[in-house]
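Trainee: Structure file input-v5.tsv (TSV, C-alpha atoms) right here:
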chain	number	residue	atom	x	y	z
U	5	SER	CA	-26.72	-46.17	88.02
U	6	VAL	CA	-25.65	-42.59	87.37
U	7	GLU	CA	-29.17	-41.30	87.84
U	8	VAL	CA	-29.42	-43.01	91.23
U	9	HIS	CA	-25.83	-42.32	92.28
U	10	PRO	CA	-24.49	-39.24	90.47
U	11	GLU	CA	-21.18	-39.73	92.24
U	12	ASN	CA	-20.67	-43.06	90.48
U	13	GLU	CA	-17.63	-42.15	88.42
U	14	LEU	CA	-17.29	-45.69	87.02
U	15	ALA	CA	-20.72	-45.42	85.44
U	16	LYS	CA	-19.78	-42.04	83.85
U	17	GLU	CA	-16.58	-43.54	82.49
U	18	ALA	CA	-18.54	-46.44	81.03
U	19	MET	CA	-20.85	-44.02	79.28
U	20	GLU	CA	-17.88	-42.09	77.90
U	21	GLN	CA	-16.49	-45.33	76.48
U	22	LEU	CA	-19.77	-45.91	74.68
U	23	LEU	CA	-19.20	-42.67	72.81
U	24	HIS	CA	-16.16	-44.23	71.10
U	25	ARG	CA	-17.92	-47.37	69.92
U	26	ASP	CA	-19.13	-47.61	66.33
U	27	ASP	CA	-21.13	-50.84	66.69
U	28	LEU	CA	-24.04	-49.39	68.66
U	29	THR	CA	-27.47	-50.31	67.32
U	30	ASP	CA	-28.79	-46.78	67.78
U	31	GLY	CA	-25.39	-45.11	67.32
U	32	PRO	CA	-25.77	-41.33	66.75
U	33	SER	CA	-29.04	-41.07	68.64
U	34	LEU	CA	-27.65	-42.87	71.67
U	35	GLN	CA	-24.44	-40.87	71.53
U	36	ARG	CA	-26.36	-37.60	71.51
U	37	ARG	CA	-28.29	-38.70	74.60
U	38	ILE	CA	-25.08	-39.68	76.36
U	39	VAL	CA	-23.48	-36.30	75.53
U	40	GLU	CA	-26.51	-34.41	76.78
U	41	PHE	CA	-26.38	-36.45	80.00
U	42	LEU	CA	-22.66	-36.15	80.64
U	43	LEU	CA	-22.14	-32.50	79.72
U	44	PRO	CA	-23.64	-30.94	82.88
U	45	TYR	CA	-21.56	-33.20	85.13
U	46	GLN	CA	-18.32	-32.27	83.39
U	47	GLN	CA	-19.20	-28.57	83.57
U	48	GLU	CA	-19.98	-28.77	87.28
U	49	SER	CA	-16.75	-30.65	87.87
U	50	GLY	CA	-14.71	-28.14	85.90
U	51	ASN	CA	-13.39	-30.78	83.50
U	52	TRP	CA	-13.17	-28.25	80.71
U	53	GLU	CA	-11.12	-30.40	78.30
U	54	LYS	CA	-13.89	-32.98	78.45
U	55	VAL	CA	-16.47	-30.22	77.98
U	56	VAL	CA	-14.64	-29.19	74.82
U	57	TYR	CA	-14.62	-32.80	73.63
U	58	LEU	CA	-18.34	-33.26	74.31
U	59	HIS	CA	-19.28	-30.01	72.53
U	60	SER	CA	-17.16	-31.12	69.59
U	61	LEU	CA	-18.92	-34.46	69.53
U	62	GLU	CA	-22.27	-32.69	69.72
U	63	ALA	CA	-21.37	-30.68	66.63
U	64	ASP	CA	-20.36	-33.83	64.75
U	65	LEU	CA	-23.56	-35.65	65.71
U	66	HIS	CA	-25.97	-32.96	64.46
U	67	GLU	CA	-26.77	-31.88	60.92
U	68	ASP	CA	-28.37	-28.53	61.69
U	69	PRO	CA	-25.72	-25.90	60.79
U	70	ILE	CA	-27.04	-23.35	63.29
U	71	TYR	CA	-26.79	-25.87	66.12
U	72	ARG	CA	-23.33	-27.00	65.02
U	73	ALA	CA	-22.07	-23.39	64.83
U	74	GLU	CA	-23.41	-22.72	68.33
U	75	ARG	CA	-21.44	-25.67	69.68
U	76	PHE	CA	-18.20	-24.43	68.12
U	77	ALA	CA	-18.90	-21.00	69.62
U	78	ASP	CA	-19.38	-22.72	73.00
U	79	ILE	CA	-16.04	-24.45	72.52
U	80	GLY	CA	-14.46	-21.09	71.75
U	81	ARG	CA	-15.83	-19.62	74.96
U	82	VAL	CA	-14.49	-22.52	77.00
U	83	TRP	CA	-11.03	-22.12	75.46
U	84	GLN	CA	-11.11	-18.38	76.01
U	85	GLU	CA	-12.75	-18.09	79.43
U	86	ARG	CA	-11.91	-21.38	81.18
U	87	LEU	CA	-8.74	-22.71	79.62
U	88	ASN	CA	-7.18	-19.33	78.77
U	89	ASP	CA	-6.08	-20.47	75.33
U	90	LYS	CA	-6.97	-17.62	72.99
U	91	GLY	CA	-5.38	-19.26	69.98
U	92	MET	CA	-7.64	-22.31	70.25
U	93	ALA	CA	-10.58	-20.03	71.01
U	94	PHE	CA	-9.95	-18.16	67.77
U	95	GLN	CA	-9.85	-21.43	65.81
U	96	SER	CA	-13.20	-22.44	67.28
U	97	TYR	CA	-14.87	-19.11	66.55
U	98	ARG	CA	-13.45	-19.24	63.02
U	99	ARG	CA	-15.03	-22.68	62.58
U	100	ALA	CA	-18.35	-21.29	63.80
U	101	ILE	CA	-18.14	-18.51	61.20
U	102	GLU	CA	-17.49	-21.02	58.42
U	103	ILE	CA	-20.63	-22.91	59.38
U	104	ASP	CA	-22.88	-19.90	60.08
U	105	PRO	CA	-21.42	-16.80	58.34
U	106	ALA	CA	-24.56	-14.75	59.00
U	107	ASN	CA	-23.96	-14.70	62.76
U	108	ALA	CA	-22.42	-11.31	63.55
U	109	GLU	CA	-21.50	-12.33	67.11
U	110	TYR	CA	-19.18	-15.09	65.93
U	111	CYS	CA	-17.48	-12.72	63.52
U	112	SER	CA	-16.98	-10.15	66.26
U	113	LEU	CA	-15.55	-12.71	68.69
U	114	ALA	CA	-13.16	-14.10	66.10
U	115	LYS	CA	-12.06	-10.68	64.89
U	116	ASN	CA	-11.31	-9.37	68.38
U	117	LEU	CA	-9.25	-12.43	69.21
U	118	ALA	CA	-7.51	-12.31	65.83
U	119	ILE	CA	-6.36	-8.77	66.53
U	120	GLU	CA	-5.27	-9.73	70.05
U	121	THR	CA	-3.40	-12.89	69.05
U	122	GLY	CA	-1.85	-11.74	65.79
U	123	GLU	CA	-4.09	-13.98	63.70
U	124	LEU	CA	-5.69	-11.15	61.77
U	125	GLU	CA	-4.42	-12.28	58.37
U	126	ARG	CA	-6.01	-15.71	58.94
U	127	TYR	CA	-9.27	-14.06	59.92
U	128	VAL	CA	-9.15	-11.87	56.81
U	129	SER	CA	-8.43	-14.85	54.56
U	130	THR	CA	-11.38	-16.73	56.10
U	131	ILE	CA	-13.76	-13.85	55.42
U	132	GLU	CA	-12.36	-13.42	51.90
U	133	ARG	CA	-12.96	-17.09	51.15
U	134	LEU	CA	-16.54	-16.86	52.42
U	135	LEU	CA	-17.13	-13.71	50.37
U	136	GLU	CA	-15.96	-15.51	47.25
U	137	ALA	CA	-18.44	-18.26	48.10
U	138	GLU	CA	-21.20	-15.64	48.49
U	139	ALA	CA	-21.86	-16.86	52.01
U	140	PHE	CA	-22.79	-13.52	53.61
U	141	PRO	CA	-26.34	-12.08	53.44
U	142	VAL	CA	-24.99	-8.49	53.29
U	143	PRO	CA	-21.60	-8.77	51.55
U	144	ALA	CA	-21.03	-5.01	51.42
U	145	ASP	CA	-20.72	-4.90	55.21
U	146	LYS	CA	-18.07	-7.61	55.21
U	147	HIS	CA	-16.09	-5.96	52.41
U	148	LEU	CA	-16.20	-2.75	54.45
U	149	GLU	CA	-15.02	-4.58	57.58
U	150	LEU	CA	-12.12	-6.18	55.71
U	151	ALA	CA	-11.19	-2.86	54.13
U	152	GLY	CA	-10.98	-1.21	57.55
U	153	LEU	CA	-8.80	-4.01	58.92
U	154	LEU	CA	-6.52	-3.91	55.89
U	155	GLU	CA	-6.16	-0.15	56.06
U	156	LYS	CA	-5.72	0.42	59.78
U	157	ASP	CA	-4.63	-2.84	61.41
U	158	LEU	CA	-2.65	-4.57	58.67
U	159	GLU	CA	-1.45	-1.25	57.16
U	160	GLN	CA	-2.15	-2.31	53.58
U	161	PRO	CA	-3.91	0.77	52.18
U	162	HIS	CA	-3.58	-0.24	48.52
U	163	VAL	CA	-5.26	-3.59	49.20
U	164	ALA	CA	-7.88	-1.79	51.30
U	165	VAL	CA	-8.75	0.40	48.31
U	166	THR	CA	-9.77	-2.71	46.36
U	167	ARG	CA	-12.08	-3.76	49.17
U	168	TYR	CA	-13.66	-0.33	49.48
U	169	GLN	CA	-14.24	-0.40	45.72
U	170	LYS	CA	-16.04	-3.72	46.10
U	171	VAL	CA	-18.35	-2.05	48.60
U	172	LEU	CA	-19.19	0.59	46.00
U	173	ASP	CA	-19.74	-2.10	43.37
U	174	LEU	CA	-22.57	-3.33	45.60
U	175	GLU	CA	-23.70	0.01	47.06
U	176	PRO	CA	-22.46	2.89	44.86
U	177	TYR	CA	-23.30	5.57	47.44
U	178	HIS	CA	-22.12	3.85	50.62
U	179	PRO	CA	-21.02	6.85	52.77
U	180	GLU	CA	-18.31	5.11	54.82
U	181	ALA	CA	-16.68	3.56	51.77
U	182	LEU	CA	-16.78	6.86	49.91
U	183	ARG	CA	-15.18	8.77	52.79
U	184	ALA	CA	-12.48	6.14	53.16
U	185	LEU	CA	-11.65	6.21	49.45
U	186	ASP	CA	-11.60	10.00	49.50
U	187	ARG	CA	-9.00	9.83	52.26
U	188	LEU	CA	-6.90	7.12	50.61
U	189	TYR	CA	-7.01	8.62	47.11
U	190	GLU	CA	-5.96	11.99	48.47
U	191	ALA	CA	-3.05	10.43	50.38
U	192	ASP	CA	-1.96	8.60	47.22
U	193	GLY	CA	-2.33	11.61	44.91
U	194	ARG	CA	-5.00	9.91	42.78
U	195	THR	CA	-6.93	13.10	42.14
U	196	GLY	CA	-9.05	11.79	39.28
U	197	HIS	CA	-10.40	8.94	41.36
U	198	GLN	CA	-10.86	11.26	44.33
U	199	LEU	CA	-12.91	13.66	42.23
U	200	GLU	CA	-15.34	10.90	41.27
U	201	VAL	CA	-15.72	9.94	44.92
U	202	LEU	CA	-16.32	13.55	46.01
U	203	GLU	CA	-19.01	13.97	43.36
U	204	ARG	CA	-20.83	10.94	44.74
U	205	LEU	CA	-20.45	12.14	48.30
U	206	VAL	CA	-21.93	15.55	47.53
U	207	GLU	CA	-25.08	13.84	46.25
U	208	ILE	CA	-25.80	12.13	49.57
U	209	VAL	CA	-24.76	14.88	52.01
U	210	HIS	CA	-27.72	16.91	53.28
U	211	ASP	CA	-26.08	19.44	55.59
U	212	PRO	CA	-25.71	22.69	53.57
U	213	ASP	CA	-22.34	23.65	55.06
U	214	ALA	CA	-20.92	20.18	54.55
U	215	LYS	CA	-22.15	20.18	50.98
U	216	THR	CA	-20.46	23.54	50.30
U	217	GLY	CA	-17.25	22.19	51.79
U	218	LEU	CA	-17.37	19.22	49.44
U	219	TYR	CA	-17.99	21.47	46.42
U	220	TRP	CA	-14.95	23.49	47.42
U	221	ARG	CA	-12.84	20.32	47.43
U	222	ILE	CA	-14.37	19.24	44.11
U	223	ALA	CA	-13.33	22.59	42.63
U	224	GLN	CA	-9.78	22.17	43.90
U	225	ALA	CA	-9.52	18.64	42.50
U	226	ALA	CA	-10.98	19.70	39.16
U	227	ASN	CA	-8.56	22.61	39.02
U	228	ILE	CA	-5.61	20.23	39.51
U	229	LEU	CA	-6.95	18.13	36.62
U	230	ASN	CA	-7.50	21.23	34.45
U	231	ASP	CA	-11.17	20.29	34.18
U	232	ASP	CA	-12.50	23.85	33.91
U	233	HIS	CA	-16.13	22.91	33.37
U	234	ARG	CA	-16.39	20.88	36.58
U	235	ALA	CA	-14.37	23.49	38.46
U	236	MET	CA	-16.71	26.31	37.38
U	237	GLU	CA	-19.83	24.36	38.35
U	238	ALA	CA	-18.43	23.55	41.79
U	239	LEU	CA	-17.11	27.07	42.42
U	240	ALA	CA	-20.44	28.61	41.42
U	241	HIS	CA	-22.12	26.53	44.14
U	242	VAL	CA	-19.50	27.56	46.68
U	243	VAL	CA	-19.90	31.24	45.88
U	244	ASP	CA	-23.71	31.07	46.05
U	245	ASN	CA	-23.71	29.05	49.29
U	246	ASN	CA	-20.76	30.43	51.20
U	247	GLU	CA	-22.03	30.38	54.79
U	248	GLY	CA	-20.06	27.25	55.65
U	249	ILE	CA	-16.63	28.39	54.47
U	250	THR	CA	-14.09	30.95	55.68
U	251	GLN	CA	-13.68	34.39	54.12
U	252	GLU	CA	-10.30	33.30	52.86
U	253	GLN	CA	-11.82	30.30	51.10
U	254	LEU	CA	-14.55	32.48	49.63
U	255	TRP	CA	-11.95	34.91	48.33
U	256	ASP	CA	-9.97	32.06	46.76
U	257	ALA	CA	-13.13	30.63	45.20
U	258	LEU	CA	-14.08	34.00	43.71
U	259	SER	CA	-10.57	34.52	42.37
U	260	MET	CA	-10.50	31.09	40.75
U	261	LEU	CA	-13.95	31.52	39.28
U	262	ARG	CA	-13.14	34.96	37.92
U	263	ALA	CA	-10.01	33.65	36.19
U	264	LEU	CA	-11.96	30.76	34.67
U	265	TYR	CA	-14.77	33.00	33.38
U	266	LYS	CA	-12.23	35.35	31.82
U	267	SER	CA	-10.34	32.50	30.15
U	268	HIS	CA	-13.59	31.09	28.74
U	269	ALA	CA	-14.80	34.50	27.46
U	270	ARG	CA	-17.81	34.77	29.76
U	271	PRO	CA	-17.75	38.53	30.49
U	272	LYS	CA	-21.15	38.80	32.17
U	273	GLU	CA	-20.32	36.11	34.72
U	274	ALA	CA	-16.85	37.59	35.21
U	275	ARG	CA	-18.40	40.99	35.98
U	276	ASP	CA	-20.76	39.44	38.54
U	277	ILE	CA	-17.79	37.84	40.26
U	278	LEU	CA	-15.92	41.15	40.24
U	279	ASP	CA	-18.81	42.74	42.11
U	280	GLN	CA	-18.77	40.01	44.74
U	281	MET	CA	-15.01	40.28	45.10
U	282	ALA	CA	-15.25	44.04	45.52
U	283	ALA	CA	-17.87	43.57	48.21
U	284	CYS	CA	-15.72	41.21	50.28
U	285	ALA	CA	-12.23	42.51	49.48
U	286	PRO	CA	-10.04	42.31	52.58
U	287	THR	CA	-8.54	45.81	52.10
U	288	ASP	CA	-9.61	49.12	50.57
U	289	GLU	CA	-6.62	48.98	48.23
U	290	GLU	CA	-7.80	45.67	46.75
U	291	ARG	CA	-11.37	46.92	46.61
U	292	VAL	CA	-10.28	50.02	44.67
U	293	VAL	CA	-8.51	47.90	42.05
U	294	LEU	CA	-11.52	45.63	41.66
U	295	LEU	CA	-14.01	48.50	41.45
U	296	ASP	CA	-11.93	50.26	38.79
U	297	GLU	CA	-11.86	47.05	36.79
U	298	ALA	CA	-15.60	46.56	37.30
U	299	ILE	CA	-16.32	50.10	36.09
U	300	ALA	CA	-14.23	49.59	32.98
U	301	ALA	CA	-15.92	46.24	32.31
U	302	ALA	CA	-19.38	47.77	32.69
U	303	GLU	CA	-18.54	50.58	30.30
U	304	ALA	CA	-17.11	48.12	27.79
U	305	ALA	CA	-20.34	46.13	27.98
U	306	GLY	CA	-22.43	49.28	27.47
U	307	ASP	CA	-23.88	48.98	30.96
U	308	LEU	CA	-23.97	52.65	31.91
U	309	ILE	CA	-26.14	52.13	34.98
U	310	GLY	CA	-23.77	49.45	36.24
U	311	ALA	CA	-20.81	51.76	35.71
U	312	ILE	CA	-22.56	54.55	37.64
U	313	GLU	CA	-23.39	52.26	40.56
U	314	ARG	CA	-19.81	51.07	40.84
U	315	GLN	CA	-18.43	54.59	40.50
U	316	ARG	CA	-20.62	55.62	43.42
U	317	GLU	CA	-18.98	52.83	45.48
U	318	ARG	CA	-15.60	54.07	44.33
U	319	VAL	CA	-16.38	57.63	45.49
U	320	LYS	CA	-17.36	56.35	48.94
U	321	ILE	CA	-13.86	55.01	49.47
U	322	GLU	CA	-12.17	58.33	48.56
U	323	PRO	CA	-14.84	61.02	49.05
U	324	ASP	CA	-12.29	63.88	48.97
U	325	ASN	CA	-11.01	62.97	45.50
U	326	PRO	CA	-12.37	65.52	42.99
U	327	ALA	CA	-11.39	63.35	40.00
U	328	LEU	CA	-13.67	60.55	41.18
U	329	TRP	CA	-16.60	62.92	41.58
U	330	ARG	CA	-15.88	64.32	38.13
U	331	ARG	CA	-15.94	60.82	36.59
U	332	LEU	CA	-19.25	60.08	38.34
U	333	GLU	CA	-20.63	63.36	37.02
U	334	GLU	CA	-19.56	62.43	33.46
U	335	LEU	CA	-21.18	59.02	33.64
U	336	VAL	CA	-24.47	60.40	34.96
U	337	ALA	CA	-24.42	63.20	32.36
U	338	GLU	CA	-23.96	60.54	29.67
U	339	SER	CA	-27.08	58.81	30.93
U	340	GLY	CA	-29.09	62.00	30.33
U	341	ASP	CA	-30.81	61.96	33.72
U	342	VAL	CA	-30.50	65.59	34.84
U	343	THR	CA	-32.27	64.98	38.16
U	344	ILE	CA	-29.69	62.43	39.23
U	345	LEU	CA	-26.95	64.66	37.81
U	346	SER	CA	-28.17	67.52	40.01
U	347	GLN	CA	-28.08	65.27	43.05
U	348	VAL	CA	-24.52	64.13	42.23
U	349	LEU	CA	-23.41	67.77	41.98
U	350	ALA	CA	-25.13	68.54	45.27
U	351	ASP	CA	-23.44	65.58	46.98
U	352	ALA	CA	-20.06	66.72	45.66
U	353	LEU	CA	-20.66	70.22	47.04
U	354	ASP	CA	-21.55	68.77	50.46
U	355	THR	CA	-18.45	66.57	50.51
U	356	LEU	CA	-15.57	68.44	48.85
U	357	SER	CA	-13.50	71.00	50.71
U	358	PRO	CA	-13.57	74.65	49.55
U	359	GLY	CA	-11.39	75.26	46.54
U	360	ASP	CA	-11.35	75.42	42.76
U	361	ALA	CA	-12.82	71.94	42.34
U	362	ARG	CA	-15.74	72.72	44.61
U	363	ASN	CA	-16.34	76.05	42.91
U	364	GLY	CA	-16.55	74.25	39.59
U	365	TYR	CA	-19.31	71.99	40.91
U	366	LEU	CA	-21.13	75.01	42.26
U	367	LEU	CA	-21.10	76.73	38.86
U	368	ARG	CA	-22.23	73.61	37.01
U	369	ARG	CA	-25.11	73.04	39.42
U	370	LEU	CA	-26.23	76.64	39.06
U	371	ASP	CA	-26.26	76.24	35.27
U	372	LEU	CA	-28.21	72.99	35.60
U	373	LEU	CA	-30.80	74.51	37.92
U	374	SER	CA	-31.25	77.61	35.76
U	375	ASP	CA	-31.37	75.82	32.44
U	376	SER	CA	-32.15	72.07	32.30
U	377	LEU	CA	-34.15	71.83	35.52
U	378	GLY	CA	-35.93	75.17	35.14
U	379	ALA	CA	-35.41	76.17	38.75
U	380	PRO	CA	-33.89	79.68	38.59
U	381	LEU	CA	-35.21	80.62	42.04
U	382	GLU	CA	-33.35	77.71	43.64
U	383	ALA	CA	-30.23	78.86	41.75
U	384	VAL	CA	-30.66	82.39	43.10
U	385	ALA	CA	-31.04	81.01	46.64
U	386	MET	CA	-27.79	79.08	46.24
U	387	VAL	CA	-25.98	82.28	45.15
U	388	ASN	CA	-27.37	84.21	48.11
U	389	ASP	CA	-26.21	81.44	50.47
What does the file become when written as structure tokens?

Mentor:
Amino acid sequence: SVEVHPENELAKEAMEQLLHRDDLTDGPSLQRRIVEFLLPYQQESGNWEKVVYLHSLEADLHEDPIYRAERFADIGRVWQERLNDKGMAFQSYRRAIEIDPANAEYCSLAKNLAIETGELERYVSTIERLLEAEAFPVPADKHLELAGLLEKDLEQPHVAVTRYQKVLDLEPYHPEALRALDRLYEADGRTGHQLEVLERLVEIVHDPDAKTGLYWRIAQAANILNDDHRAMEALAHVVDNNEGITQEQLWDALSMLRALYKSHARPKEARDILDQMAACAPTDEERVVLLDEAIAAAEAAGDLIGAIERQRERVKIEPDNPALWRRLEELVAESGDVTILSQVLADALDTLSPGDARNGYLLRRLDLLSDSLGAPLEAVAMVND
């Protein structure tokens, strides 16, 4: 009758009544056929409550979980888009997730509505229950999702930390979880935990500047924990790969590393750091102090060549200082290289202003030319000049 006269409402009502009977010979099969037949008519008529009922019946009459979840998702869409009941829509999407947890669309629909309707805690508890039942194919992603909701939407950072840790239990180098824990540990003052996270992060970061930045933070964390060994390793990387940091950070890194090397009796490394600090000192006054210390350290280590090189740098800062030239002369004389000594005396003569100090250099160079270098004619020419 309905097929011949679609407008026959009595026939449709009779078919609906059959859905409620439990004495049908071919019960579920016949009911499924009736639902499939009636559903388009109810949709065309805009009888959305009946559409919800028929989809619900469809879900009950089928065993395939994918099909059943799709029907609950359809119910959710009807509640949301046609009946404007977001609370009921959320319940339907949540039911779809429970049946088919692997479907990302259902999770997204339910989560968005949960945030909008204030049902986020119920959504979180649903996902937690399914995680405990090992229902998700990629559980790390769901732990990460829950952690983000707990941290930002529910404002439960301490609970979020537990979820982020579960992500790392499954994927120890998960970048998003590591960055989140870095942020949360820092905010909570848990420096030891933060240091472990930073050391994992630095292993997976490929950008050289970003890696240097992480080593700088590792050094700072290790310094707070008085872990000198880890601090020295991290600072050494920062100093050797300093393109991605500011001059101020480089200076701080050098200062920290120098202090650590000195406290651990590593003079050679401390001297290398002194040289780098002298090269990038922000003022001449600071550079002078560092160079003087570097010269003394080189002499103490028996490194005469190193002392000479640094004394040359020292002279460049104050070229009119006779005492500095004299100290350079003494160091070169101690090395026994008369050729270099002659050049130092010549440079002093070219630089110093006329006076007793300059005259002294003139006399000593004449003696050197006449005696050690065997160049009396050059000495005579100097006198004539």

Trainee: Around all of segment 307-312 of chain U's listed atoms, make the axis-aligned box with 4 Å on each side and tell me centre and edge lengths in Å to one decimal, as AutoDock Vina command-line options.

Mentor:
--center_x -23.5 --center_y 51.8 --center_z 34.3 --size_x 13.3 --size_y 13.6 --size_z 14.7

Trainee: Using only C-alpha atoms, which residues sit within 7 Å of segment 280-290 of chain U once same-chain residues fewer than 4 positions away are excluded, as a list in words?

Mentor: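 Near neighbours after the sequence-gap exclusion: Trp255, Leu258, Asp276, Leu294 and Leu295 of chain U.
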
Trainee: Could you pull the residues within 8 Å of segment 306-312 of chain U, counting only C-alpha atoms, minus those fewer than 3 positions along the same chain, as a tab-separated table (two decimals) with C-alpha atoms, keeping the file's coordinate frame?

Mentor:
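Contents of part.tsv, as written:
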chain	number	residue	atom	x	y	z
U	298	ALA	CA	-15.60	46.56	37.30
U	299	ILE	CA	-16.32	50.10	36.09
U	300	ALA	CA	-14.23	49.59	32.98
U	302	ALA	CA	-19.38	47.77	32.69
U	303	GLU	CA	-18.54	50.58	30.30
U	315	GLN	CA	-18.43	54.59	40.50
U	316	ARG	CA	-20.62	55.62	43.42
U	332	LEU	CA	-19.25	60.08	38.34
U	335	LEU	CA	-21.18	59.02	33.64
U	336	VAL	CA	-24.47	60.40	34.96
U	339	SER	CA	-27.08	58.81	30.93

Trainee: Quick check, in Å to one decimal: how far apart do atom CA of Ser112 of chain U and atom CA of Glu48 of chain U lie?

Mentor: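 Going from atom CA of Ser112 of chain U over to atom CA of Glu48 of chain U covers 28.2 Å.
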
Trainee: Rank U:Asp186, U:Glu297, U:Glu180, U:Glu53 by their smallest atom-to-atom distance to Asn88 of chain U, using all atoms listed in the file, and report the top residue only.

Mentor: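 With all atoms listed in the file as the atom set, the closest residue is U:Glu53.
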
Trainee: Have a look at U:Pro358, U:Gly248, U:Pro143, U:Pro323 and name the one nearest to Tyr168 of chain U; count all atoms listed in the file.

Mentor: U:Pro143

Trainee: Using all atoms listed in the file, find the one residue out of U:Asn107, U:Ser357, U:Asn116, U:Asn245 that sits nearest to Glu74 of chain U.

Mentor: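 Closest to Glu74 of chain U of all the choices is U:Asn107.
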
Trainee: Taking all atoms listed in the file into account, name the residue in U:Leu172, U:Ile103, U:Val243, U:Val209 that is nearest to Asp145 of chain U.

Mentor: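 Using all atoms listed in the file, the shortest distance to Asp145 of chain U belongs to U:Leu172.
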
Trainee: Can you list, as a list in words, every protein, DNA or RNA residue that comes within 9 Å of Pro271 of chain U when you count only C-alpha atoms, leaving out same-chain residues fewer than 5 positions away?

Mentor: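 Here the answer would be Tyr265, Lys266, Asp276, Ala301 and Ala305 of chain U.
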
Trainee: From the options U:His66, U:Arg234, U:Lys115, U:Arg98, which residue's atoms come nearest to Gly80 of chain U, counting only C-alpha atoms?

Mentor: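 Selected residue with least distance to Gly80 of chain U: U:Arg98.
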
Trainee: Leaving out Arg262 of chain U and any residue of its chain fewer than 2 positions from it, which residues lie within 9 Å of it when counting only C-alpha atoms, given as an mmCIF file with C-alpha atoms, in the frame of the given file?

Mentor:
data_model
loop_
_atom_site.group_PDB
_atom_site.id
_atom_site.type_symbol
_atom_site.label_atom_id
_atom_site.label_comp_id
_atom_site.auth_asym_id
_atom_site.auth_seq_id
_atom_site.Cartn_x
_atom_site.Cartn_y
_atom_site.Cartn_z
ATOM 1 C CA ALA U 257 -13.130 30.630 45.200
ATOM 2 C CA LEU U 258 -14.080 34.000 43.710
ATOM 3 C CA SER U 259 -10.570 34.520 42.370
ATOM 4 C CA MET U 260 -10.500 31.090 40.750
ATOM 5 C CA LEU U 264 -11.960 30.760 34.670
ATOM 6 C CA TYR U 265 -14.770 33.000 33.380
ATOM 7 C CA LYS U 266 -12.230 35.350 31.820
ATOM 8 C CA SER U 267 -10.340 32.500 30.150
ATOM 9 C CA GLU U 273 -20.320 36.110 34.720
ATOM 10 C CA ALA U 274 -16.850 37.590 35.210
ATOM 11 C CA ARG U 275 -18.400 40.990 35.980
ATOM 12 C CA ASP U 276 -20.760 39.440 38.540
ATOM 13 C CA ILE U 277 -17.790 37.840 40.260
ATOM 14 C CA LEU U 278 -15.920 41.150 40.240
#

Trainee: Could you tell me how far atom CA of Leu113 of chain U lies from atom CA of Arg75 of chain U, in Å and to one decimal?

Mentor: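 Atom CA of Arg75 of chain U lies 14.3 Å from atom CA of Leu113 of chain U.
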
Trainee: Glu333 of chain U: which residues within 12 Å, counting only C-alpha atoms, same-chain residues fewer than 3 positions away excluded, as a ChimeraX atom specification?

Mentor: /U:311-313,315-316,319,326-330,336-352,364-365,368-369

Trainee: For a quick check of understanding, using all atoms listed in the file, which of U:Asp244, U:Tyr57, U:Gly91, U:Leu42 has the smallest distance to Asp78 of chain U?

Mentor: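 Closest to Asp78 of chain U, using all atoms listed in the file: U:Tyr57.
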
Trainee: So what do you get for atom CA of Leu158 of chain U versus atom CA of Leu135 of chain U, distance-wise?

Mentor: 19.0 Å

Trainee: Would you be able to write out as a list in words which residues have an atom within 10 Å of (-22.1, -22.7, 59.0) in the file's coordinates, counting only C-alpha atoms?

Mentor: Asp68, Pro69, Ile70, Tyr71, Arg72, Ala73, Glu74, Arg99, Ala100, Ile101, Glu102, Ile103, Asp104, Pro105, Ala106, Asn107 and Ala139 of chain U
